[in-house]
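Read through the structure below, which is laid out as C-alpha cells, and then see the notes.
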Amino acid sequence: MQLEELLAPLALWRTTGDVKTEITGIEIDSRKVKPGDLFICLPGFTVDGHDFAEKAVLQGAAAILAQRSIEADVPVIYVPDTRRAMAVLGDRFFGQPTHLMKVIGVTGTNGKTTTTHLIERILEAAGHPTGIIGTIEMRIADEVREVKNTTPEALDLHRAFRWMKDKGAEYAAIEVSSHALDMGRVRGVRFATGVFTNLTQDHLDYHKTMENYLQAKGLLFSQLGNEYDRERMKYAILNIDDPASETFARMTSAQVITYGIRDKADVRARDISITAMGTKLKLETFVGSIDLTLRMIGNFNVYNVLAATAACLVEGIPLETIKRTLEQVEGVRGRFERVDAGQDYTVIVDYAHTPDSLENVLKTVREFAEGKVYCVVGCGGDRDRTKRPIMAAIAARHADIAVITSDNPRSEDPQAIIDEMIEGLVANGIDKDRYFTQVDRREAIRETIHRAGPKDVVLIAGKGHETYQILKDKTIHFDDKEEAYQAILEKKK
Ligand SMILES: CC(=O)N[C@H]1[C@@H](OP(=O)(O)OP(=O)(O)OC[C@H]2O[C@@H](n3ccc(=O)[nH]c3=O)[C@H](O)[C@@H]2O)O[C@H](CO)[C@@H](O)[C@@H]1O[C@H](C)C(=O)N[C@@H](C)C(=O)N[C@H](CCC(=O)O)C(=O)O
Ligand SMILES: Nc1ncnc2c1ncn2[C@@H]1O[C@H](COP(=O)(O)OP(=O)(O)OP(=O)(O)O)[C@@H](O)[C@H]1O
Ligand SMILES: N[C@H](CCC[C@H](N)C(=O)O)C(=O)O
Ligand SMILES: [Mg+2]
C-alpha cells in the first residue's frame, strides 16, 4: 500500500520525504522490522521507540512514523500522537478486519478468559467460525499464536483480526483488559458487543484508584458507539448484580442486556445447586427457559455462563444449542482444573490471583469439601501490592491451612512479597497454626500434598495455565499441574 493512501484518514501530519513510497508491512518493534516496513515509534514505560528508529532503518524500514524529531534516511511522518495514529493505520493496513466480522469484547476483573471461551464454544457449535484472543493464547480453528499480553497492542490486534478473517472467522471473542483500554490498545476495533463480568480490586499499582479502574473498564462501553451495525444493534451485556453496571449503562448508547442471579435480569439463573460433580440451575430468559446441568463448578461460573448465554442469544443462537454446548464444557485450562492421579484427596489448580476470585473459589471448594481445605497461594511481583495482605487473609479465613508461597516474583524479592502477605494474617489475628510459609513454590506444593489426608482438598491458586515462573534474572519452566502430579505420585511411593 502506498504510504500516502495509508495516511489518508489522519489529519495534521507533516513529512520530510516522499509519501508515494510503497509500504509492505508495519511494525512497532525494531527487532521485527523487515525491508519495506513502516516503523512506528512508540514511547514506552521502559524505553522510547524513537531511539530504535535508526536500527529499524538499518533493517530496511521504508518509512518512520514519529512524534518527536528524529534523524533518518527514509521519509519520516510526524504526527502529534503515534499511539493514536498506530490504531488507525493498523486498522487500515490490514483492511479493516473488524468491519468484516463481529467482535465481542469481554472486560471485568475476573472471568474474562472463561467467558470468552464459553462464547467461542457456543458460536462454533452453532456453525460460526470464531477466533479468540486472551490470556492463554490467540487461536482460530486449530491454529494457535502466542500472546505476550492478555490484550495485545492495537497494531498486533488488527493483524490478528486479519489473520482470523483470512482463516474464515465470522466472530472474534476477545478479552479486553483495563490496561488495554487505558492505553488505547483497542482503538479502531469495531466491537459488535461488549460484555462486563465484574469489578473488584486489582491493578491498583497501575490505576491507583478504583474509580480510575472503573472509568478504564467503561471505555469499552462508550467505544461501542451509537450506530446500527449491519442491521444489528450494538449490545452492552452487563452483570446487574455488580454496581459498576449502572455506570456502564449510562456510558453506552448500545442496547443494554442484563444478566444476574440476585436482581431481576434479562438473563438470570434460579435454583442453583452446587456439588463436587457440577452445578445445576434453571436459566430463564425473555425468549424461554432451560434447565442446565453443568460440569463447571461454582457460583462464579454461573455468572460466566449467563454472560456467554446473553452474548450468544443476541446473535440469534437457539437456547437448545447453548444448552447442549454448555453442558459439555469441562472448563477452561488452568481454571478449577483437577489433577487426578487416582489419589483419595482432591487437588485443584486455579488461576485466582485477585481477592475476589480467591474468595469465590475457596467458598466453592467449601461447598463440597468433606475433609480439610488447604490453599497454596502467592502474589505476583511488580503488581498491586495492596492485594497481598488481603489475599493472604482470605486464604487463611476460608481454608483450614493457608500455604503462603511465591507466584511470579518478577523483579521483587520473593520473601519480601510473602512478608507483605503475612502482614494481612497478623493484622487479622489469624492463628499461626492456620498457615505456614514456603518461599519455593515447588516445595510448597509438595509439602501440602504430603500433608493432605483422605477427602481433603488442596487448592493451588494463582498460576493456572501458566507454564513458567518469572524470577528476577530469568524465566523458568514451571507448571502447577505438573508439580502437583509429581508430588501426588511421589507421595504414593
Ligand atoms: C505496563 C505495560 O503494560 N507495558 C506494556 C508496554 O511495555 P513498555 O511500555 O515497557 O514497552 P517498552 O519496552 O518501553 O517499548 C516501547 C516501544 O519500543 C519498542 N522497542 C523496544 C525495544 C527494542 O529493541 N526495539 C523497539 O522497537 C517496543 O516495541 C515498543 O513499541 O508495551 C508492551 C508491548 O505492547 C507490552 O508488552 C507491555 O506489557 C507488559 C509486558 C505487562 O506486563 N503488561 C501488563 C501490566 C498488562 O498489560 N496486563 C494486562 C492484563 C491484566 C489482567 O488481565 O489481569 C494485559 O492486557 O496483558
Ligand atoms: N465470574 C467470576 N467472578 C469471580 N471470579 C471468577 C469468575 N470467573 C472466574 N473466576 C475466578 O478467577 C480466576 C480467573 O478466571 P479467568 O481467567 O476467567 O479471569 P480473567 O478475567 O480472564 O483473568 P485475567 O485478568 O488474568 O485475564 C478463575 O480461576 C476463578 O478462580
Ligand atoms: N494478567 C494478570 C495475571 C496475573 C497472574 C499471576 N500469576 C501473577 O503473575 O501475578 C496480571 O498480569 O496481573
Ligand atoms: Mg484472562
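Labels used: A, B, ... for chains in the order of the C-alpha cells, numbers from 1 for residues in each chain, and numbers from 1 for ligands as shown.
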For this session: Would you return as a ChimeraX atom specification the members of segment 42-241 of chain A that DSSP assigns to alpha helix (DSSP H) on this structure's backbone?
Result: /A:53-58,82-93,112-125,154-166,178-183,204-207,210-222
Exercise. If you count only C-alpha atoms and all ligand atoms, which residues end up within 6 Å of ligand 4, as a PyMOL selection string?
Worked result: chain A and resi 112-113+134-135
Considering only C-alpha atoms and all ligand atoms, tabulate each residue of chain A that lies at most 6 Å from ligand 3 along with its nearest interatomic pair and the corresponding distance in Å to one decimal; arrange the rows by chain and ascending residue number and present them as CSV.
```
residue,atom,partner,partner_atom_place_in_ligand_line,distance
A:His353,CA,ligand 3,6 (C),5.7
A:Cys379,CA,ligand 3,10 (O),5.7
A:Gly380,CA,ligand 3,10 (O),3.4
A:Asp407,CA,ligand 3,7 (N),5.7
A:Asn408,CA,ligand 3,9 (O),4.6
A:Gly462,CA,ligand 3,7 (N),4.9
A:Lys463,CA,ligand 3,7 (N),4.3
```
Problem set entry | Spatial neighbours of Gly184 of chain A, 12 Å, only C-alpha atoms, chain gap at least 4 places, as a list in words |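 The residues that qualify are Asp81, Thr82, Arg83, Arg84, Ala85, Met86, Ala87, Val88, Thr151, Pro152, Glu153, Ala154, Leu155, Leu157, Val176, Ser177, Ser178, His179, Ala180, Gly188, Val189, Ala216, Lys217, Leu219, Leu220 and Gln223 of chain A.
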Problem set entry | At most 8 Å from ligand 2 (only C-alpha atoms and all ligand atoms): residue list as a PyMOL selection string | chain A and resi 107-115+134-135+150+175+177+197-198+300-304+332+334-336+350-354+356-358+360-361+461-462+464
Please dump the current selection as an mmCIF file, in the first residue's frame; keep C-alpha atoms.
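Dumped to part_24.cif:
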```cif
data_model
loop_
_atom_site.group_PDB
_atom_site.id
_atom_site.type_symbol
_atom_site.label_atom_id
_atom_site.label_comp_id
_atom_site.auth_asym_id
_atom_site.auth_seq_id
_atom_site.Cartn_x
_atom_site.Cartn_y
_atom_site.Cartn_z
ATOM 1 C CA THR A 107 -13.978 -6.916 30.213
ATOM 2 C CA GLY A 108 -14.053 -7.214 34.012
ATOM 3 C CA THR A 109 -11.697 -8.141 36.830
ATOM 4 C CA ASN A 110 -12.411 -11.881 36.793
ATOM 5 C CA GLY A 111 -13.975 -14.309 34.347
ATOM 6 C CA LYS A 112 -12.847 -12.807 31.019
ATOM 7 C CA THR A 113 -10.910 -15.841 29.817
ATOM 8 C CA THR A 114 -13.643 -18.220 30.927
ATOM 9 C CA THR A 115 -16.450 -16.186 29.354
ATOM 10 C CA GLY A 134 -6.809 -13.541 25.546
ATOM 11 C CA THR A 135 -4.596 -14.553 28.437
ATOM 12 C CA THR A 150 -3.986 -10.567 27.534
ATOM 13 C CA GLU A 175 -10.558 -10.256 26.416
ATOM 14 C CA SER A 177 -8.059 -5.736 29.926
ATOM 15 C CA THR A 197 -18.182 -9.610 34.106
ATOM 16 C CA ASN A 198 -17.445 -7.829 37.417
ATOM 17 C CA PHE A 300 -18.881 -17.506 39.739
ATOM 18 C CA ASN A 301 -19.073 -19.860 36.772
ATOM 19 C CA VAL A 302 -22.852 -19.421 36.739
ATOM 20 C CA TYR A 303 -22.174 -15.733 36.076
ATOM 21 C CA ASN A 304 -19.766 -16.628 33.253
ATOM 22 C CA VAL A 332 -11.088 -23.850 30.752
ATOM 23 C CA GLY A 334 -5.991 -23.824 34.444
ATOM 24 C CA ARG A 335 -9.356 -22.738 35.839
ATOM 25 C CA PHE A 336 -10.640 -25.042 38.595
ATOM 26 C CA ASP A 350 -6.904 -22.486 39.629
ATOM 27 C CA TYR A 351 -5.991 -19.049 38.257
ATOM 28 C CA ALA A 352 -7.435 -16.999 41.144
ATOM 29 C CA HIS A 353 -4.982 -14.135 41.585
ATOM 30 C CA THR A 354 -7.296 -11.432 42.948
ATOM 31 C CA ASP A 356 -12.484 -11.684 44.904
ATOM 32 C CA SER A 357 -11.611 -14.686 42.748
ATOM 33 C CA LEU A 358 -9.730 -16.358 45.600
ATOM 34 C CA ASN A 360 -15.115 -17.205 45.355
ATOM 35 C CA VAL A 361 -13.097 -20.247 44.545
ATOM 36 C CA ALA A 461 -4.126 -20.834 43.283
ATOM 37 C CA GLY A 462 -2.709 -18.047 41.132
ATOM 38 C CA GLY A 464 -3.470 -21.742 36.472
#
```
For this session: Return the single residue from A:Ala169, A:Ile297, A:Val457, A:Ile470 that is closest to Asp413 of chain A, with distances computed using only C-alpha atoms.
Result: A:Ile470
For this session: Pick out the residues sitting within 12 Å of Glu211 of chain A, and hand them over as an MDAnalysis selection string; count only C-alpha atoms, and ignore anything fewer than 2 positions along from it in its own chain.
Result: chainID A and resid 199:204 207:209 213:218 244 247
Pull the closest atom pair for each residue of chain A that gets at most 6 Å from ligand 1, along with the distance in Å to one decimal, counting only C-alpha atoms and all ligand atoms, ordering rows by chain and then ascending residue number, as CSV.
```
residue,atom,partner,partner_atom_place_in_ligand_line,distance
A:Ile28,CA,ligand 1,31 (O),4.6
A:Asp29,CA,ligand 1,29 (O),3.4
A:Ser30,CA,ligand 1,27 (O),3.8
A:Arg31,CA,ligand 1,25 (N),5.6
A:Leu42,CA,ligand 1,31 (O),4.7
A:Pro43,CA,ligand 1,16 (C),5.3
A:Gly44,CA,ligand 1,9 (O),3.2
A:Phe45,CA,ligand 1,9 (O),3.7
A:Thr46,CA,ligand 1,14 (O),3.4
A:Val47,CA,ligand 1,14 (O),3.7
A:Asp48,CA,ligand 1,16 (C),5.1
A:Gly49,CA,ligand 1,18 (O),3.5
A:Phe52,CA,ligand 1,27 (O),5.3
A:Lys148,CA,ligand 1,37 (O),5.9
A:Asn149,CA,ligand 1,58 (O),3.3
A:Thr150,CA,ligand 1,58 (O),3.8
A:Thr151,CA,ligand 1,57 (O),4.0
A:Glu153,CA,ligand 1,35 (O),4.8
A:Ser177,CA,ligand 1,57 (O),4.8
A:His179,CA,ligand 1,48 (O),5.2
A:Ala180,CA,ligand 1,57 (O),5.3
```
Exercise. What gap, in Å, lies between atom CA of Asp242 of chain A and atom CA of Leu224 of chain A?
Worked result: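 Atom CA of Leu224 of chain A lies 20.1 Å from atom CA of Asp242 of chain A.
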Could you make a table, as a tab-separated table, of the residues of segment 298-358 of chain A that have an atom within 10 Å of an atom of segment 263-273 of chain A, each with its nearest atom pair and distance in Å to one decimal, counting only C-alpha atoms, in chain and number order?
```
residue	atom	partner	partner_atom	distance
A:Gly298	CA	A:Ser273	CA	9.0
A:Asn299	CA	A:Ile272	CA	7.9
A:Val302	CA	A:Ala269	CA	7.5
A:Tyr303	CA	A:Ala269	CA	8.5
A:Val305	CA	A:Ala269	CA	9.5
A:Leu306	CA	A:Val267	CA	6.5
A:Ala307	CA	A:Val267	CA	8.3
A:Thr309	CA	A:Val267	CA	7.9
A:Ala310	CA	A:Val267	CA	6.4
A:Leu313	CA	A:Val267	CA	9.5
```
Quick one: write out the picked residues with N, CA and C atoms as a PDB file, in the first residue's frame?
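Result went into out_37.pdb, see below:
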```
ATOM      1  N   GLY A 298     -19.308 -23.867  40.691  1.00  0.00           N
ATOM      2  CA  GLY A 298     -19.193 -22.571  41.372  1.00  0.00           C
ATOM      3  C   GLY A 298     -20.178 -21.532  40.887  1.00  0.00           C
ATOM      4  N   ASN A 299     -20.598 -20.702  41.851  1.00  0.00           N
ATOM      5  CA  ASN A 299     -21.491 -19.593  41.531  1.00  0.00           C
ATOM      6  C   ASN A 299     -20.863 -18.656  40.514  1.00  0.00           C
ATOM      7  N   VAL A 302     -21.466 -19.673  37.174  1.00  0.00           N
ATOM      8  CA  VAL A 302     -22.852 -19.421  36.739  1.00  0.00           C
ATOM      9  C   VAL A 302     -22.901 -18.042  36.077  1.00  0.00           C
ATOM     10  N   TYR A 303     -22.221 -17.076  36.684  1.00  0.00           N
ATOM     11  CA  TYR A 303     -22.174 -15.733  36.076  1.00  0.00           C
ATOM     12  C   TYR A 303     -21.534 -15.789  34.688  1.00  0.00           C
ATOM     13  N   VAL A 305     -21.446 -18.261  32.666  1.00  0.00           N
ATOM     14  CA  VAL A 305     -22.397 -18.950  31.788  1.00  0.00           C
ATOM     15  C   VAL A 305     -23.518 -17.986  31.355  1.00  0.00           C
ATOM     16  N   LEU A 306     -24.000 -17.187  32.304  1.00  0.00           N
ATOM     17  CA  LEU A 306     -25.074 -16.237  31.971  1.00  0.00           C
ATOM     18  C   LEU A 306     -24.565 -15.193  30.974  1.00  0.00           C
ATOM     19  N   ALA A 307     -23.352 -14.698  31.208  1.00  0.00           N
ATOM     20  CA  ALA A 307     -22.780 -13.673  30.316  1.00  0.00           C
ATOM     21  C   ALA A 307     -22.625 -14.242  28.903  1.00  0.00           C
ATOM     22  N   THR A 309     -24.188 -16.797  27.609  1.00  0.00           N
ATOM     23  CA  THR A 309     -25.514 -17.080  27.049  1.00  0.00           C
ATOM     24  C   THR A 309     -26.119 -15.801  26.472  1.00  0.00           C
ATOM     25  N   ALA A 310     -26.055 -14.709  27.232  1.00  0.00           N
ATOM     26  CA  ALA A 310     -26.627 -13.448  26.755  1.00  0.00           C
ATOM     27  C   ALA A 310     -25.927 -13.008  25.469  1.00  0.00           C
ATOM     28  N   LEU A 313     -27.218 -15.277  22.718  1.00  0.00           N
ATOM     29  CA  LEU A 313     -28.652 -15.094  22.415  1.00  0.00           C
ATOM     30  C   LEU A 313     -28.860 -13.904  21.485  1.00  0.00           C
TER      31      LEU A 313
END
```
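Of note, atom CA of Pro409 of chain A and atom CA of Ala452 of chain A are spaced 26.5 Å apart.
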For this session: Using only C-alpha atoms, find the one residue out of A:Leu362, A:Leu489, A:Val195, A:Met233 that sits nearest to Phe248 of chain A.
Result: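 Of A:Leu362, A:Leu489, A:Val195, A:Met233, the one nearest Phe248 of chain A, counting only C-alpha atoms, is A:Val195.
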Problem set entry | Residue neighbourhood Ile390 of chain A, 9 Å, only C-alpha atoms, exclusion window fewer than 3 positions, as a list of chain:residue names | A:Pro355, A:Thr386, A:Lys387, A:Ala393, A:Ile394, A:Ala395, A:Met421, A:Gly424, A:Leu425
Could you save the residues just selected, with C-alpha atoms, as a compact mmCIF listing (two decimals), in the first residue's frame?
```
# COMPACT_ATOMS: atom_id res chain seq x y z
CA PRO A 355 -9.01 -11.18 46.36
CA THR A 386 -2.29 -3.77 48.35
CA LYS A 387 -3.92 -7.07 47.40
CA ALA A 393 -6.22 -13.23 54.93
CA ILE A 394 -8.83 -14.64 52.55
CA ALA A 395 -6.79 -17.83 52.10
CA MET A 421 1.12 -11.19 52.70
CA GLY A 424 -2.58 -9.46 56.49
CA LEU A 425 -2.60 -12.56 58.70
```
Exercise. What is the distance, in Å and to one decimal place, between atom CA of Asp456 of chain A and atom CA of Val339 of chain A?
Worked result: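 Separation between atom CA of Asp456 of chain A and atom CA of Val339 of chain A: 13.5 Å.
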Exercise. Quick one: of A:Thr193, A:Asn212, A:Thr293, A:Asn239, who's nearest to Ser253 of chain A, counting only C-alpha atoms?
Worked result: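 For Ser253 of chain A, the nearest of the candidates is A:Thr193.
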For this session: Skip Lys55 of chain A itself and residues of its chain fewer than 2 positions away, then list as an MDAnalysis selection string all residues within 12 Å of it, counting only C-alpha atoms.
Result: chainID A and resid 29:35 39 41 49:53 57:61 64 71:73
For this session: Excluding Thr437 of chain A and residues on its chain fewer than 4 positions from it, collect all residues at most 8 Å away from it, counting only C-alpha atoms, and give them as a VMD selection string.
Result: chain A and resid 403 to 405 418 444
Seminar exercise, completed: Judged by only C-alpha atoms, the minimum distance to Asp291 of chain A among A:Arg262, A:Arg145, A:Lys323, A:His99 is found for A:Lys323
Seminar exercise, completed: Counting only C-alpha atoms, the residue among A:Arg385, A:Gly131, A:Ala276, A:Arg92 that lies closest to Arg338 of chain A is A:Ala276
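Here the DSSP assignment of strand (DSSP E or B), based on backbone atoms, applies within segment 265-334 of chain A to Val267, Arg268, Ala269, Arg270, Asp271, Ile272, Ser273, Ile274, Thr275, Gly278, Thr279, Lys280, Leu281, Lys282, Leu283, Glu284, Thr285, Gly288, Ser289, Ile290, Asp291, Leu292, Thr293 and Leu294 of chain A.
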